[in-house]
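Before any comments, here is the structure.
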Amino acid sequence: MSKTVLLVDDDAAVREALGQTLELADLTCIAAGSFVVAADHIAPEFDGVIVSDIRMPGRDGFHLLAHVRGVDPEIPVILLTGEGDIPMAVKAMGEGAFDFLEKPCAAKDLLAVVERALKTRRLVLENRELRQLVESGDPAARMIFGASDLVQGLRAHVRRVAQAQGDVLVWGPQGSGISKVAEVIHLSSLRSKRPFLKRAAIDLDALALGSAFEQGEGGSLFIDEIAMLPAQSQLALAEFLDDAPTTRLIAGTTRDLGAELEAGRFNADLYYRLTVMPVRIPALSERPEDIPVLFRRYVAQAAEQSGQEAPPVGAQIDADLMAREWPGNARALMTEAMRFVMGMSELEGARGGEVDAALGLTAHMAQVEQSLIEGALRRAKGQATEAARALQLPRKTFYDKCARYAIKPEDFRV
């Protein structure tokens, strides 16, 4: 929450006394002796509140209130009134002042009103940022692709985590897009207008960490492969986080941090802090139905980048792609799409999009279904029960389909 108070009073002694009261309460006081000086600090993005005397030579508190209302009517203005100024203060409340206090005012009364005004201002600014986020679209929908239940769950979880304020761990297999998900978390949060920094853990010492947190002021710092962070830097990072920095940490890893902790290679304090809000990215092998969606998108991107026409992707290609395990995940699929566009892929024989022009949709879908069953059995090493579970099919239905396509689970055992 912001702690800024713009204090406006032409009396230097009063400004000094009130300024000390505010600073002793750990608030940031910007002192101004006139409307002209104060006006330089008043803007729609001003995240604090204003405390102003009503009676000032030249342009008084009413003039300041009117100016603030014209710039941003939701900036709280607290007016200080002298003896006999109560009717004026009531009039000012009717014109939009947040509250008023009689001078001399007790420190506790001033601080109570200021804290209430700061909370109000914070809520106003957060609501504005949320509206801007909605108006700019949904980063999770724009940048995390797929239609499977797993991906829909991932998008929903990312949105929830983004709105929280704590540190985040994003983990998943190699090539699964960890840095992209980290960026989506940043873009979906109230920090989206602030910096998003990326750093490789292996290169970070304590000095570089401190610099990164400073550069990311109010934004997010993504540290890739956090498990590779040197031991001394892990300790330094845990201490940085204990000081509650304004920069949010988003850590990424492809490793099992629990195993790293047990092996004594990862700092315990850092581990328990990061695992409060973990975000797991499922492997492509867990959601084969997303592969055609991703592949077509990557083909379109590769064609645009190379200045070529995107070749059609047919049912047989979908089936072949879904039957593979893709240990390199999205990154490997992206490489395959580029090779496909350049005419260098093993999928080249299926380019043209149709397995057989005489076949209809039913036959094409049968080919896809057969490839999915074979791929599931391959991943399950011939264990039919496990393959059926992966495809979310009852065992009898699974065996019926195997019989239809003359598939023998034992042929896939190793």
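Within each chain, counting starts at residue 1; across the structure tokens, chains are named A, B, ... in the order shown, with ligands numbered 1 upward in that order.
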
Each residue of region 210-296 of chain A with at least one atom at most 10 Å from region 160-179 of chain A should appear once, together with its nearest atom pair and the corresponding distance in Å (one decimal); atoms considered: only C-alpha atoms; ordering: chain, then increasing residue number; output as JSON lines.
```
{"residue": "A:Ser220", "atom": "CA", "partner": "A:Asp167", "partner_atom": "CA", "distance": 9.4}
{"residue": "A:Leu221", "atom": "CA", "partner": "A:Asp167", "partner_atom": "CA", "distance": 9.8}
{"residue": "A:Phe222", "atom": "CA", "partner": "A:Ser179", "partner_atom": "CA", "distance": 7.6}
{"residue": "A:Ile223", "atom": "CA", "partner": "A:Ser179", "partner_atom": "CA", "distance": 8.9}
{"residue": "A:Asp224", "atom": "CA", "partner": "A:Ser179", "partner_atom": "CA", "distance": 7.3}
{"residue": "A:Glu225", "atom": "CA", "partner": "A:Trp171", "partner_atom": "CA", "distance": 9.1}
{"residue": "A:Ile226", "atom": "CA", "partner": "A:Leu169", "partner_atom": "CA", "distance": 9.0}
{"residue": "A:Leu241", "atom": "CA", "partner": "A:Asp167", "partner_atom": "CA", "distance": 8.8}
{"residue": "A:Ala244", "atom": "CA", "partner": "A:Gly166", "partner_atom": "CA", "distance": 9.7}
{"residue": "A:Thr246", "atom": "CA", "partner": "A:Gln165", "partner_atom": "CA", "distance": 9.9}
{"residue": "A:Thr247", "atom": "CA", "partner": "A:Asp167", "partner_atom": "CA", "distance": 9.5}
{"residue": "A:Arg248", "atom": "CA", "partner": "A:Asp167", "partner_atom": "CA", "distance": 6.0}
{"residue": "A:Leu249", "atom": "CA", "partner": "A:Asp167", "partner_atom": "CA", "distance": 5.0}
{"residue": "A:Ile250", "atom": "CA", "partner": "A:Val168", "partner_atom": "CA", "distance": 4.7}
{"residue": "A:Ala251", "atom": "CA", "partner": "A:Leu169", "partner_atom": "CA", "distance": 4.8}
{"residue": "A:Gly252", "atom": "CA", "partner": "A:Val170", "partner_atom": "CA", "distance": 4.7}
{"residue": "A:Thr253", "atom": "CA", "partner": "A:Trp171", "partner_atom": "CA", "distance": 4.9}
{"residue": "A:Thr254", "atom": "CA", "partner": "A:Pro173", "partner_atom": "CA", "distance": 5.2}
{"residue": "A:Arg255", "atom": "CA", "partner": "A:Trp171", "partner_atom": "CA", "distance": 7.6}
{"residue": "A:Asp256", "atom": "CA", "partner": "A:Trp171", "partner_atom": "CA", "distance": 8.5}
{"residue": "A:Leu257", "atom": "CA", "partner": "A:Trp171", "partner_atom": "CA", "distance": 9.3}
{"residue": "A:Tyr271", "atom": "CA", "partner": "A:Leu169", "partner_atom": "CA", "distance": 9.4}
{"residue": "A:Arg273", "atom": "CA", "partner": "A:Asp167", "partner_atom": "CA", "distance": 7.3}
{"residue": "A:Leu274", "atom": "CA", "partner": "A:Leu169", "partner_atom": "CA", "distance": 5.5}
{"residue": "A:Thr275", "atom": "CA", "partner": "A:Leu169", "partner_atom": "CA", "distance": 6.3}
{"residue": "A:Val276", "atom": "CA", "partner": "A:Val168", "partner_atom": "CA", "distance": 7.4}
{"residue": "A:Met277", "atom": "CA", "partner": "A:Val168", "partner_atom": "CA", "distance": 5.3}
{"residue": "A:Pro278", "atom": "CA", "partner": "A:Leu169", "partner_atom": "CA", "distance": 4.7}
{"residue": "A:Val279", "atom": "CA", "partner": "A:Val170", "partner_atom": "CA", "distance": 4.7}
{"residue": "A:Arg280", "atom": "CA", "partner": "A:Trp171", "partner_atom": "CA", "distance": 5.1}
{"residue": "A:Ile281", "atom": "CA", "partner": "A:Gly172", "partner_atom": "CA", "distance": 4.8}
{"residue": "A:Pro282", "atom": "CA", "partner": "A:Gly172", "partner_atom": "CA", "distance": 6.5}
{"residue": "A:Ala283", "atom": "CA", "partner": "A:Pro173", "partner_atom": "CA", "distance": 6.3}
{"residue": "A:Leu284", "atom": "CA", "partner": "A:Ser176", "partner_atom": "CA", "distance": 8.0}
```

Take the residues just selected and output them with N, CA and C atoms as an mmCIF file, in the first residue's frame.
```
data_model
loop_
_atom_site.group_PDB
_atom_site.id
_atom_site.type_symbol
_atom_site.label_atom_id
_atom_site.label_comp_id
_atom_site.auth_asym_id
_atom_site.auth_seq_id
_atom_site.Cartn_x
_atom_site.Cartn_y
_atom_site.Cartn_z
ATOM 1 N N SER A 220 7.930 -7.802 -11.607
ATOM 2 C CA SER A 220 8.213 -9.209 -11.320
ATOM 3 C C SER A 220 9.607 -9.579 -11.821
ATOM 4 N N LEU A 221 10.269 -10.441 -11.058
ATOM 5 C CA LEU A 221 11.578 -10.968 -11.442
ATOM 6 C C LEU A 221 11.447 -12.471 -11.637
ATOM 7 N N PHE A 222 11.694 -12.944 -12.871
ATOM 8 C CA PHE A 222 11.661 -14.369 -13.169
ATOM 9 C C PHE A 222 13.076 -14.918 -13.152
ATOM 10 N N ILE A 223 13.325 -15.892 -12.286
ATOM 11 C CA ILE A 223 14.632 -16.553 -12.216
ATOM 12 C C ILE A 223 14.472 -17.963 -12.778
ATOM 13 N N ASP A 224 15.114 -18.205 -13.908
ATOM 14 C CA ASP A 224 14.981 -19.483 -14.606
ATOM 15 C C ASP A 224 15.904 -20.529 -13.995
ATOM 16 N N GLU A 225 15.413 -21.749 -13.898
ATOM 17 C CA GLU A 225 16.139 -22.885 -13.305
ATOM 18 C C GLU A 225 16.676 -22.512 -11.926
ATOM 19 N N ILE A 226 15.762 -22.226 -11.033
ATOM 20 C CA ILE A 226 16.112 -21.785 -9.679
ATOM 21 C C ILE A 226 16.978 -22.813 -8.953
ATOM 22 N N LEU A 241 13.985 -11.932 0.315
ATOM 23 C CA LEU A 241 12.548 -12.148 0.407
ATOM 24 C C LEU A 241 12.023 -11.884 1.809
ATOM 25 N N ALA A 244 10.677 -8.473 2.407
ATOM 26 C CA ALA A 244 9.455 -8.128 1.673
ATOM 27 C C ALA A 244 9.706 -7.096 0.576
ATOM 28 N N THR A 246 9.453 -5.043 -2.995
ATOM 29 C CA THR A 246 8.291 -4.697 -3.808
ATOM 30 C C THR A 246 8.275 -5.456 -5.125
ATOM 31 N N THR A 247 9.399 -6.074 -5.488
ATOM 32 C CA THR A 247 9.470 -6.891 -6.705
ATOM 33 C C THR A 247 9.045 -8.321 -6.378
ATOM 34 N N ARG A 248 8.126 -8.853 -7.175
ATOM 35 C CA ARG A 248 7.628 -10.215 -6.938
ATOM 36 C C ARG A 248 8.558 -11.227 -7.592
ATOM 37 N N LEU A 249 8.874 -12.294 -6.880
ATOM 38 C CA LEU A 249 9.713 -13.356 -7.425
ATOM 39 C C LEU A 249 8.851 -14.437 -8.065
ATOM 40 N N ILE A 250 9.163 -14.770 -9.323
ATOM 41 C CA ILE A 250 8.575 -15.929 -9.990
ATOM 42 C C ILE A 250 9.739 -16.831 -10.384
ATOM 43 N N ALA A 251 9.830 -17.991 -9.758
ATOM 44 C CA ALA A 251 10.937 -18.914 -10.015
ATOM 45 C C ALA A 251 10.470 -20.019 -10.949
ATOM 46 N N GLY A 252 11.375 -20.477 -11.801
ATOM 47 C CA GLY A 252 11.055 -21.565 -12.722
ATOM 48 C C GLY A 252 12.033 -22.715 -12.561
ATOM 49 N N THR A 253 11.558 -23.936 -12.782
ATOM 50 C CA THR A 253 12.456 -25.085 -12.704
ATOM 51 C C THR A 253 11.885 -26.272 -13.465
ATOM 52 N N THR A 254 12.783 -27.096 -13.999
ATOM 53 C CA THR A 254 12.392 -28.374 -14.586
ATOM 54 C C THR A 254 12.788 -29.517 -13.649
ATOM 55 N N ARG A 255 13.370 -29.181 -12.516
ATOM 56 C CA ARG A 255 13.849 -30.197 -11.580
ATOM 57 C C ARG A 255 12.870 -30.389 -10.427
ATOM 58 N N ASP A 256 13.012 -31.490 -9.735
ATOM 59 C CA ASP A 256 12.221 -31.779 -8.540
ATOM 60 C C ASP A 256 12.882 -31.072 -7.359
ATOM 61 N N LEU A 257 12.333 -29.927 -6.955
ATOM 62 C CA LEU A 257 12.956 -29.165 -5.874
ATOM 63 C C LEU A 257 12.926 -29.931 -4.552
ATOM 64 N N TYR A 271 12.893 -22.993 -0.277
ATOM 65 C CA TYR A 271 11.996 -24.023 -0.790
ATOM 66 C C TYR A 271 10.579 -23.842 -0.249
ATOM 67 N N ARG A 273 9.185 -21.282 1.024
ATOM 68 C CA ARG A 273 8.576 -20.019 0.591
ATOM 69 C C ARG A 273 8.026 -20.161 -0.833
ATOM 70 N N LEU A 274 8.794 -20.802 -1.709
ATOM 71 C CA LEU A 274 8.396 -20.904 -3.113
ATOM 72 C C LEU A 274 7.251 -21.883 -3.345
ATOM 73 N N THR A 275 7.151 -22.898 -2.514
ATOM 74 C CA THR A 275 6.156 -23.938 -2.768
ATOM 75 C C THR A 275 4.786 -23.631 -2.158
ATOM 76 N N VAL A 276 4.592 -22.411 -1.696
ATOM 77 C CA VAL A 276 3.260 -22.008 -1.223
ATOM 78 C C VAL A 276 2.288 -21.944 -2.400
ATOM 79 N N MET A 277 2.748 -21.391 -3.522
ATOM 80 C CA MET A 277 1.885 -21.236 -4.702
ATOM 81 C C MET A 277 2.557 -21.837 -5.940
ATOM 82 N N PRO A 278 2.656 -23.166 -6.020
ATOM 83 C CA PRO A 278 3.287 -23.769 -7.200
ATOM 84 C C PRO A 278 2.336 -23.816 -8.387
ATOM 85 N N VAL A 279 2.895 -23.671 -9.576
ATOM 86 C CA VAL A 279 2.131 -23.790 -10.820
ATOM 87 C C VAL A 279 2.808 -24.870 -11.648
ATOM 88 N N ARG A 280 2.104 -25.963 -11.884
ATOM 89 C CA ARG A 280 2.674 -27.078 -12.657
ATOM 90 C C ARG A 280 2.150 -27.048 -14.083
ATOM 91 N N ILE A 281 3.074 -27.157 -15.056
ATOM 92 C CA ILE A 281 2.698 -27.206 -16.465
ATOM 93 C C ILE A 281 2.684 -28.666 -16.894
ATOM 94 N N PRO A 282 1.545 -29.193 -17.352
ATOM 95 C CA PRO A 282 1.496 -30.610 -17.754
ATOM 96 C C PRO A 282 2.265 -30.847 -19.045
ATOM 97 N N ALA A 283 2.866 -32.015 -19.157
ATOM 98 C CA ALA A 283 3.596 -32.396 -20.372
ATOM 99 C C ALA A 283 2.612 -32.652 -21.509
ATOM 100 N N LEU A 284 3.101 -32.550 -22.746
ATOM 101 C CA LEU A 284 2.245 -32.836 -23.903
ATOM 102 C C LEU A 284 1.744 -34.276 -23.868
#
```

Any idea what's packed within 7 Å of Lys381 (chain A), counting only C-alpha atoms, ignoring anything in its chain fewer than 3 positions away? Could you give it as a PyMOL selection string? chain A and resi 377-378+412-414

Using only C-alpha atoms for the distances, tell me which of A:Glu286, A:Glu214, A:Asp72, A:Asp318 is nearest to Leu391 (chain A). A:Glu286

DSSP-assigned helix (DSSP H, G or I) members of region 97-313 of chain A, reported as an MDAnalysis selection string: chainID A and resid 107:135 139:143 149:163 178:187 201:203 206:215 226:228 231:242 257:262 268:274 284:286 288:306

Would you pick out the contacts of Gly258 (chain A) at 10 Å or less, using only C-alpha atoms, so that residues sharing its chain but fewer than 5 positions from it are not included, and give the list as number ranges by chain? A: 263-266, 268, 271-272, 275

Where does DSSP see strand (DSSP E or B) in region 249-410 of chain A, if you list the residues as a ChimeraX atom specification? /A:249-253,278-280

Neighbour list for region 21-33 of chain A as an NGL selection string, cut-off 12 Å, only C-alpha atoms, skip fewer than 4 positions in-chain: :A and (1-17 or 37-42 or 47-53 or 56-61 or 105-115 or 118)

Determine the nearest neighbour of Val181 (chain A) from the options A:Ala332, A:Ala97, A:Ala141, A:Val36, counting only C-alpha atoms. A:Ala141

Ser285 (chain A): which residues within 9 Å, counting only C-alpha atoms, same-chain residues fewer than 5 positions away excluded, as JSON, numbers by chain? {"A": [322, 324, 325, 326, 327, 329, 376, 379]}
